[in-house]
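Here's the structure we're looking at; comments come further down.
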Amino acid sequence: MKNREPGAPEGPASDIPGGEPGSEKPRGLRFGVVALVGRPNAGKSTLLNRILGQKVSIVSNKPQTTRNRIVGILNEDRGQIVFLDTPGIHRPLHKLNVRMMDHVRSAFSEADVLSVLIDATEAFGKGDQFVIDLVRQRKEEGSSKRFVLLNKIDLLKKNKLLPLIQQYSELGLFDEIVPVSASTGDGVDRLLSLFFANLDEGEPRFSREDFTTQPERFFAAEIIREKVLRHTSDELPFTTAVSVEKWEEEEERNLIRIYASIVVERESQKPIVIGKGGDMIKRIGTEARLELESILGAKVFLDLHVGVHSSWREDERFLGELEWPLGRE
Ligand SMILES: Nc1nc2c(ncn2[C@@H]2O[C@H](COP(=O)(O)OP(=O)(O)O)[C@@H](O)[C@H]2O)c(=O)[nH]1
Ligand SMILES: [Mg+2]
């Protein structure tokens with residue numbers, strides 16, 4: 001996805017292209033892949049959006065908001081960094097979750113800098129140990145740099161930070177320990193300098209206008225899902241999928257028609273999404289449409305309907321259809 005310009009050609013969905021083997025390294029420009037990994041809700045997607053200065057990855061206070069690998073591209077005079085935002089690390093119970101963890105593993109193996117995000121306000125638990133063990137394995141296999149980012153310091157009492165830094169430094173596992181706040185941006189400039197300093201020289205591999213590899217069609221489905229997560233709250237934790245079924249553009253009118261379905265697991269969940277007299281789905285639709293209009297720079301007509309698929313989280317074919325616009329890795 002690029003910033004939309006009238007008449008700009010839509011490129012095919014691409015993943016990280018390979019570098020030119022044996023090509024001359026340019027003057028000091030850096031290139032590399034930084035993976036953002038960690039437990040659900042640590043703030044990975046918020047941090048990516050903050051770094052890029054625009055939204056590429058949806059955010060909510062529910063676990064399992066990010067289900068795929070989202071690629072965000074930072075273009076600067078210092079070089080280009082490809083960020084991989086990943087689903088939260090957890091033990092997979094459904095096929096959906098197995099796929100989610102596959103995305104995490106592939107990000108681990110492609111990263112030049114593996115960045116583990118920690119919610120600094122939460123006590124260290126089993127989930128954190130699971131993540132640390134994965135990173136330790138990675139240390140034994142690979143050569144990537146390892147950072148730990150202590151996030152949400154805006155919520156942390158000052159005297160809590162030093163002991164936390166001490167605790168992570170004692171693990172002897174991380175090259176850098178960086179306190180940040182993805183919400184306020186505190187510490188993010190320093191973090192970026194550390195990323196660039198730890199990457200090799202190399203030429204950009206994406207066009208400088210690219211900021212993500214997700215196609216608009218996939219991103220639109222994500223924006224709708226974000227609004228569903230936000231408004232249906234605790235009643236529908238992570239049982240919803242959104243699939244964009246039709247996408248029509250009327251160039252002369254600068255209008256995009258998007259037809260999408262919100263898929264829930266049980267008939268009894270439909271009324272939650274639809275709301276009294278349809279007020280919930282109206283709210284979801286209006287919010288999604290306004291945000292899409294501002295992102296896509298076009299007028300949007302959004303048609304939403306609600307469907308039931310009782311086992312979509314186990315249905316490989318359906319899961320594949322949800323991911324098709326992203327291509328396979
Ligand atoms: N106060 C505060 N909240 C944050 C920060 N970073 C993320 N959050 C919140 O934490 C929740 C989870 O964020 P998200 O980026 O979706 O986490 P992810 O699951 O790791 O991608 C959201 O409600 C965010 O607004 C931060 O630095 N400070
Ligand atoms: Mg996320």
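Following the order of the structure tokens, first chain is A, next is B, and so on, with residues numbered from 1 inside each chain and ligands from 1 in the order they appear.
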Exercise. Ligand 1: which residues are within 10 Å, counting only C-alpha atoms and all ligand atoms, as a VMD selection string?
Worked result: chain A and resid 36 to 50 57 to 67 85 to 89 117 to 121 150 to 156 179 to 186 226 230
### Query
Could you pull out the helix (DSSP H, G or I) residues of region 184-314 of chain A from DSSP and send them as a PyMOL selection string?
chain A and resi 188-197+216-235+267-274+276-296+312-314
Expected file contents, prior selection, C-alpha atoms, as a PDB file, in the first residue's frame:
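Writing done, so here's result-v2.pdb:
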ATOM      1  CA  VAL A 188      11.302   6.177  20.333  1.00  0.00           C
ATOM      2  CA  ASP A 189      13.893   8.478  18.675  1.00  0.00           C
ATOM      3  CA  ARG A 190      16.659   6.868  20.682  1.00  0.00           C
ATOM      4  CA  LEU A 191      15.289   3.443  19.797  1.00  0.00           C
ATOM      5  CA  LEU A 192      15.391   4.255  16.082  1.00  0.00           C
ATOM      6  CA  SER A 193      18.998   5.416  16.357  1.00  0.00           C
ATOM      7  CA  LEU A 194      19.861   2.113  18.025  1.00  0.00           C
ATOM      8  CA  PHE A 195      18.105   0.159  15.275  1.00  0.00           C
ATOM      9  CA  PHE A 196      19.982   2.009  12.529  1.00  0.00           C
ATOM     10  CA  ALA A 197      23.277   1.624  14.387  1.00  0.00           C
ATOM     11  CA  GLU A 216      -5.784  -1.827   0.644  1.00  0.00           C
ATOM     12  CA  ARG A 217      -8.336  -4.604   0.522  1.00  0.00           C
ATOM     13  CA  PHE A 218      -6.753  -6.458   3.435  1.00  0.00           C
ATOM     14  CA  PHE A 219      -6.245  -3.278   5.426  1.00  0.00           C
ATOM     15  CA  ALA A 220      -9.901  -2.324   4.974  1.00  0.00           C
ATOM     16  CA  ALA A 221     -10.942  -5.658   6.494  1.00  0.00           C
ATOM     17  CA  GLU A 222      -8.593  -5.003   9.406  1.00  0.00           C
ATOM     18  CA  ILE A 223     -10.017  -1.527  10.063  1.00  0.00           C
ATOM     19  CA  ILE A 224     -13.535  -2.980  10.165  1.00  0.00           C
ATOM     20  CA  ARG A 225     -12.370  -5.731  12.533  1.00  0.00           C
ATOM     21  CA  GLU A 226     -10.772  -3.107  14.793  1.00  0.00           C
ATOM     22  CA  LYS A 227     -14.113  -1.298  15.126  1.00  0.00           C
ATOM     23  CA  VAL A 228     -15.888  -4.593  15.882  1.00  0.00           C
ATOM     24  CA  LEU A 229     -13.319  -5.357  18.605  1.00  0.00           C
ATOM     25  CA  ARG A 230     -13.620  -1.873  20.021  1.00  0.00           C
ATOM     26  CA  HIS A 231     -17.408  -1.714  20.241  1.00  0.00           C
ATOM     27  CA  THR A 232     -18.503  -5.265  20.948  1.00  0.00           C
ATOM     28  CA  SER A 233     -15.976  -5.363  23.733  1.00  0.00           C
ATOM     29  CA  ASP A 234     -16.104  -8.269  26.170  1.00  0.00           C
ATOM     30  CA  GLU A 235     -19.038  -9.979  24.551  1.00  0.00           C
ATOM     31  CA  GLU A 267     -26.119 -17.435  15.688  1.00  0.00           C
ATOM     32  CA  SER A 268     -26.497 -15.959  19.197  1.00  0.00           C
ATOM     33  CA  GLN A 269     -23.573 -13.575  18.490  1.00  0.00           C
ATOM     34  CA  LYS A 270     -25.229 -11.955  15.495  1.00  0.00           C
ATOM     35  CA  PRO A 271     -27.465  -9.660  17.553  1.00  0.00           C
ATOM     36  CA  ILE A 272     -24.409  -8.420  19.453  1.00  0.00           C
ATOM     37  CA  VAL A 273     -22.843  -7.158  16.240  1.00  0.00           C
ATOM     38  CA  ILE A 274     -26.101  -5.859  14.807  1.00  0.00           C
ATOM     39  CA  LYS A 276     -30.721  -2.816  18.914  1.00  0.00           C
ATOM     40  CA  GLY A 277     -32.420  -1.704  15.737  1.00  0.00           C
ATOM     41  CA  GLY A 278     -29.093  -2.071  13.929  1.00  0.00           C
ATOM     42  CA  ASP A 279     -27.406   0.681  15.925  1.00  0.00           C
ATOM     43  CA  MET A 280     -24.212  -1.293  16.609  1.00  0.00           C
ATOM     44  CA  ILE A 281     -23.488  -2.248  13.028  1.00  0.00           C
ATOM     45  CA  LYS A 282     -24.289   1.316  11.994  1.00  0.00           C
ATOM     46  CA  ARG A 283     -21.732   2.607  14.463  1.00  0.00           C
ATOM     47  CA  ILE A 284     -19.096   0.104  13.322  1.00  0.00           C
ATOM     48  CA  GLY A 285     -19.817   0.970   9.683  1.00  0.00           C
ATOM     49  CA  THR A 286     -19.673   4.736  10.159  1.00  0.00           C
ATOM     50  CA  GLU A 287     -16.417   4.672  12.103  1.00  0.00           C
ATOM     51  CA  ALA A 288     -14.756   2.303   9.669  1.00  0.00           C
ATOM     52  CA  ARG A 289     -15.959   4.289   6.674  1.00  0.00           C
ATOM     53  CA  LEU A 290     -14.695   7.627   8.016  1.00  0.00           C
ATOM     54  CA  GLU A 291     -11.287   6.171   8.793  1.00  0.00           C
ATOM     55  CA  LEU A 292     -11.052   4.407   5.430  1.00  0.00           C
ATOM     56  CA  GLU A 293     -12.003   7.606   3.622  1.00  0.00           C
ATOM     57  CA  SER A 294      -9.188   9.455   5.305  1.00  0.00           C
ATOM     58  CA  ILE A 295      -6.649   6.663   4.678  1.00  0.00           C
ATOM     59  CA  LEU A 296      -7.680   5.944   1.095  1.00  0.00           C
ATOM     60  CA  TRP A 312     -14.089 -20.622  11.078  1.00  0.00           C
ATOM     61  CA  ARG A 313     -11.069 -20.732  13.391  1.00  0.00           C
ATOM     62  CA  GLU A 314     -10.519 -24.370  12.408  1.00  0.00           C
TER      63      GLU A 314
END
Measuring between only C-alpha atoms and all ligand atoms, which one of A:Gln54, A:Thr212, A:Asn68, A:Ser106 shows the shortest distance to ligand 2?
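The closest residue to ligand 2 is A:Asn68.
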**Asked** Can you list, as number ranges by chain, every residue of region 105-258 of chain A that DSSP puts in strand (DSSP E or B)?
**Response** A: 113-119, 145-151, 176-179, 201, 210, 212, 241-250, 255-258
Resulting file, chosen residues, N, CA, C and O atoms, as a short mmCIF file (atom, residue, chain, number, x, y, z; two decimals), in the first residue's frame:
data_model
loop_
_atom_site.label_atom_id
_atom_site.label_comp_id
_atom_site.auth_asym_id
_atom_site.auth_seq_id
_atom_site.Cartn_x
_atom_site.Cartn_y
_atom_site.Cartn_z
N VAL A 113 17.32 -7.54 13.62
CA VAL A 113 17.19 -7.17 15.03
C VAL A 113 15.87 -7.74 15.55
O VAL A 113 14.80 -7.38 15.06
N LEU A 114 15.98 -8.63 16.50
CA LEU A 114 14.79 -9.21 17.10
C LEU A 114 14.45 -8.35 18.32
O LEU A 114 15.26 -8.24 19.24
N SER A 115 13.26 -7.72 18.29
CA SER A 115 12.90 -6.83 19.39
C SER A 115 11.75 -7.42 20.18
O SER A 115 10.66 -7.59 19.65
N VAL A 116 12.02 -7.71 21.42
CA VAL A 116 10.99 -8.27 22.28
C VAL A 116 10.34 -7.14 23.06
O VAL A 116 11.01 -6.42 23.80
N LEU A 117 9.03 -6.96 22.88
CA LEU A 117 8.32 -5.94 23.65
C LEU A 117 7.77 -6.54 24.92
O LEU A 117 7.15 -7.61 24.90
N ILE A 118 7.96 -5.80 26.00
CA ILE A 118 7.44 -6.22 27.30
C ILE A 118 6.51 -5.12 27.79
O ILE A 118 6.83 -3.93 27.65
N ASP A 119 5.39 -5.49 28.34
CA ASP A 119 4.55 -4.52 29.03
C ASP A 119 5.17 -4.34 30.42
O ASP A 119 5.05 -5.20 31.28
N LYS A 145 20.77 -9.48 16.19
CA LYS A 145 20.84 -8.73 17.43
C LYS A 145 19.54 -8.92 18.20
O LYS A 145 18.49 -9.17 17.59
N ARG A 146 19.61 -8.81 19.50
CA ARG A 146 18.40 -8.97 20.31
C ARG A 146 18.22 -7.75 21.21
O ARG A 146 19.12 -7.39 21.97
N PHE A 147 17.05 -7.11 21.08
CA PHE A 147 16.71 -5.97 21.93
C PHE A 147 15.53 -6.35 22.81
O PHE A 147 14.67 -7.11 22.38
N VAL A 148 15.50 -5.81 24.03
CA VAL A 148 14.24 -5.88 24.77
C VAL A 148 13.74 -4.44 24.96
O VAL A 148 14.50 -3.54 25.34
N LEU A 149 12.47 -4.22 24.62
CA LEU A 149 11.87 -2.89 24.73
C LEU A 149 10.89 -2.91 25.89
O LEU A 149 9.93 -3.67 25.88
N LEU A 150 11.18 -2.11 26.90
CA LEU A 150 10.29 -2.04 28.07
C LEU A 150 9.26 -0.96 27.78
O LEU A 150 9.56 0.24 27.86
N ASN A 151 8.07 -1.40 27.39
CA ASN A 151 7.05 -0.46 26.89
C ASN A 151 6.08 -0.03 28.00
O ASN A 151 6.00 -0.65 29.05
N GLU A 176 20.59 -4.74 23.76
CA GLU A 176 20.13 -3.43 24.23
C GLU A 176 18.84 -3.60 25.03
O GLU A 176 18.00 -4.42 24.69
N ILE A 177 18.72 -2.79 26.08
CA ILE A 177 17.47 -2.74 26.86
C ILE A 177 16.97 -1.31 26.76
O ILE A 177 17.66 -0.38 27.20
N VAL A 178 15.82 -1.12 26.13
CA VAL A 178 15.38 0.25 25.81
C VAL A 178 13.99 0.53 26.38
O VAL A 178 13.01 -0.07 25.95
N PRO A 179 13.90 1.45 27.34
CA PRO A 179 12.57 1.84 27.83
C PRO A 179 11.88 2.76 26.82
O PRO A 179 12.51 3.67 26.29
N GLU A 201 25.07 -1.87 6.32
CA GLU A 201 24.82 -0.98 5.19
C GLU A 201 24.09 -1.77 4.12
O GLU A 201 24.29 -2.97 3.96
N ASP A 210 6.53 3.31 -0.45
CA ASP A 210 5.83 2.22 0.24
C ASP A 210 5.93 2.39 1.74
O ASP A 210 6.99 2.70 2.26
N THR A 212 3.83 0.01 3.63
CA THR A 212 3.42 -1.33 4.06
C THR A 212 3.24 -2.20 2.82
O THR A 212 3.04 -1.67 1.73
N ALA A 241 -14.24 -12.61 12.41
CA ALA A 241 -13.37 -12.43 11.25
C ALA A 241 -14.08 -11.46 10.32
O ALA A 241 -15.31 -11.35 10.34
N VAL A 242 -13.30 -10.74 9.51
CA VAL A 242 -13.92 -9.86 8.53
C VAL A 242 -13.37 -10.21 7.16
O VAL A 242 -12.16 -10.34 6.99
N SER A 243 -14.26 -10.40 6.23
CA SER A 243 -13.79 -10.71 4.90
C SER A 243 -14.39 -9.73 3.90
O SER A 243 -15.59 -9.45 3.91
N VAL A 244 -13.52 -9.14 3.08
CA VAL A 244 -13.99 -8.19 2.06
C VAL A 244 -14.35 -9.00 0.83
O VAL A 244 -13.52 -9.69 0.27
N GLU A 245 -15.61 -8.94 0.44
CA GLU A 245 -16.05 -9.80 -0.65
C GLU A 245 -16.00 -9.15 -2.02
O GLU A 245 -15.80 -9.80 -3.01
N LYS A 246 -16.21 -7.84 -2.02
CA LYS A 246 -16.21 -7.16 -3.32
C LYS A 246 -15.63 -5.77 -3.11
O LYS A 246 -15.84 -5.14 -2.08
N TRP A 247 -14.91 -5.29 -4.11
CA TRP A 247 -14.24 -4.00 -4.04
C TRP A 247 -14.37 -3.36 -5.41
O TRP A 247 -13.84 -3.89 -6.37
N GLU A 248 -15.10 -2.28 -5.48
CA GLU A 248 -15.30 -1.64 -6.79
C GLU A 248 -14.86 -0.19 -6.72
O GLU A 248 -15.18 0.50 -5.75
N GLU A 249 -14.16 0.24 -7.73
CA GLU A 249 -13.72 1.64 -7.75
C GLU A 249 -14.34 2.38 -8.91
O GLU A 249 -14.35 1.89 -10.03
N GLU A 250 -14.88 3.56 -8.61
CA GLU A 250 -15.38 4.44 -9.67
C GLU A 250 -14.46 5.62 -9.72
O GLU A 250 -14.59 6.56 -8.92
N LEU A 255 -14.67 7.25 -5.88
CA LEU A 255 -15.52 6.50 -4.96
C LEU A 255 -15.10 5.04 -4.93
O LEU A 255 -14.81 4.45 -5.97
N ILE A 256 -15.03 4.48 -3.74
CA ILE A 256 -14.74 3.05 -3.60
C ILE A 256 -15.92 2.39 -2.90
O ILE A 256 -16.37 2.86 -1.84
N ARG A 257 -16.44 1.34 -3.50
CA ARG A 257 -17.51 0.57 -2.86
C ARG A 257 -16.92 -0.69 -2.27
O ARG A 257 -16.30 -1.48 -2.99
N ILE A 258 -17.09 -0.87 -0.97
CA ILE A 258 -16.52 -2.04 -0.29
C ILE A 258 -17.67 -2.87 0.30
O ILE A 258 -18.49 -2.33 1.06
#
Practice problem: Compare A:Arg30, A:Arg266, A:Lys55, A:Lys126 by their minimum atom-to-atom distance to ligand 2, counting only C-alpha atoms and all ligand atoms, and give me the closest one. | Solution: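 Distance minimum relative to ligand 2 lands on A:Lys55.
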**Q.** Pick from A:Arg91, A:Arg69, A:Lys157, A:Lys2, whichever lies nearest to ligand 2 using only C-alpha atoms and all ligand atoms
**A.**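 The closest residue to ligand 2 is A:Arg69.
Nearest-residue note for ligand 2: choosing from A:Ile70, A:Val300, A:Val308, A:Leu29, the minimum distance belongs to A:Ile70, counting only C-alpha atoms and all ligand atoms.
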Restricting to only C-alpha atoms and all ligand atoms, whichever of A:Val82, A:Met100, A:Ile73, A:Ile16 is closest to ligand 2 is A:Met100
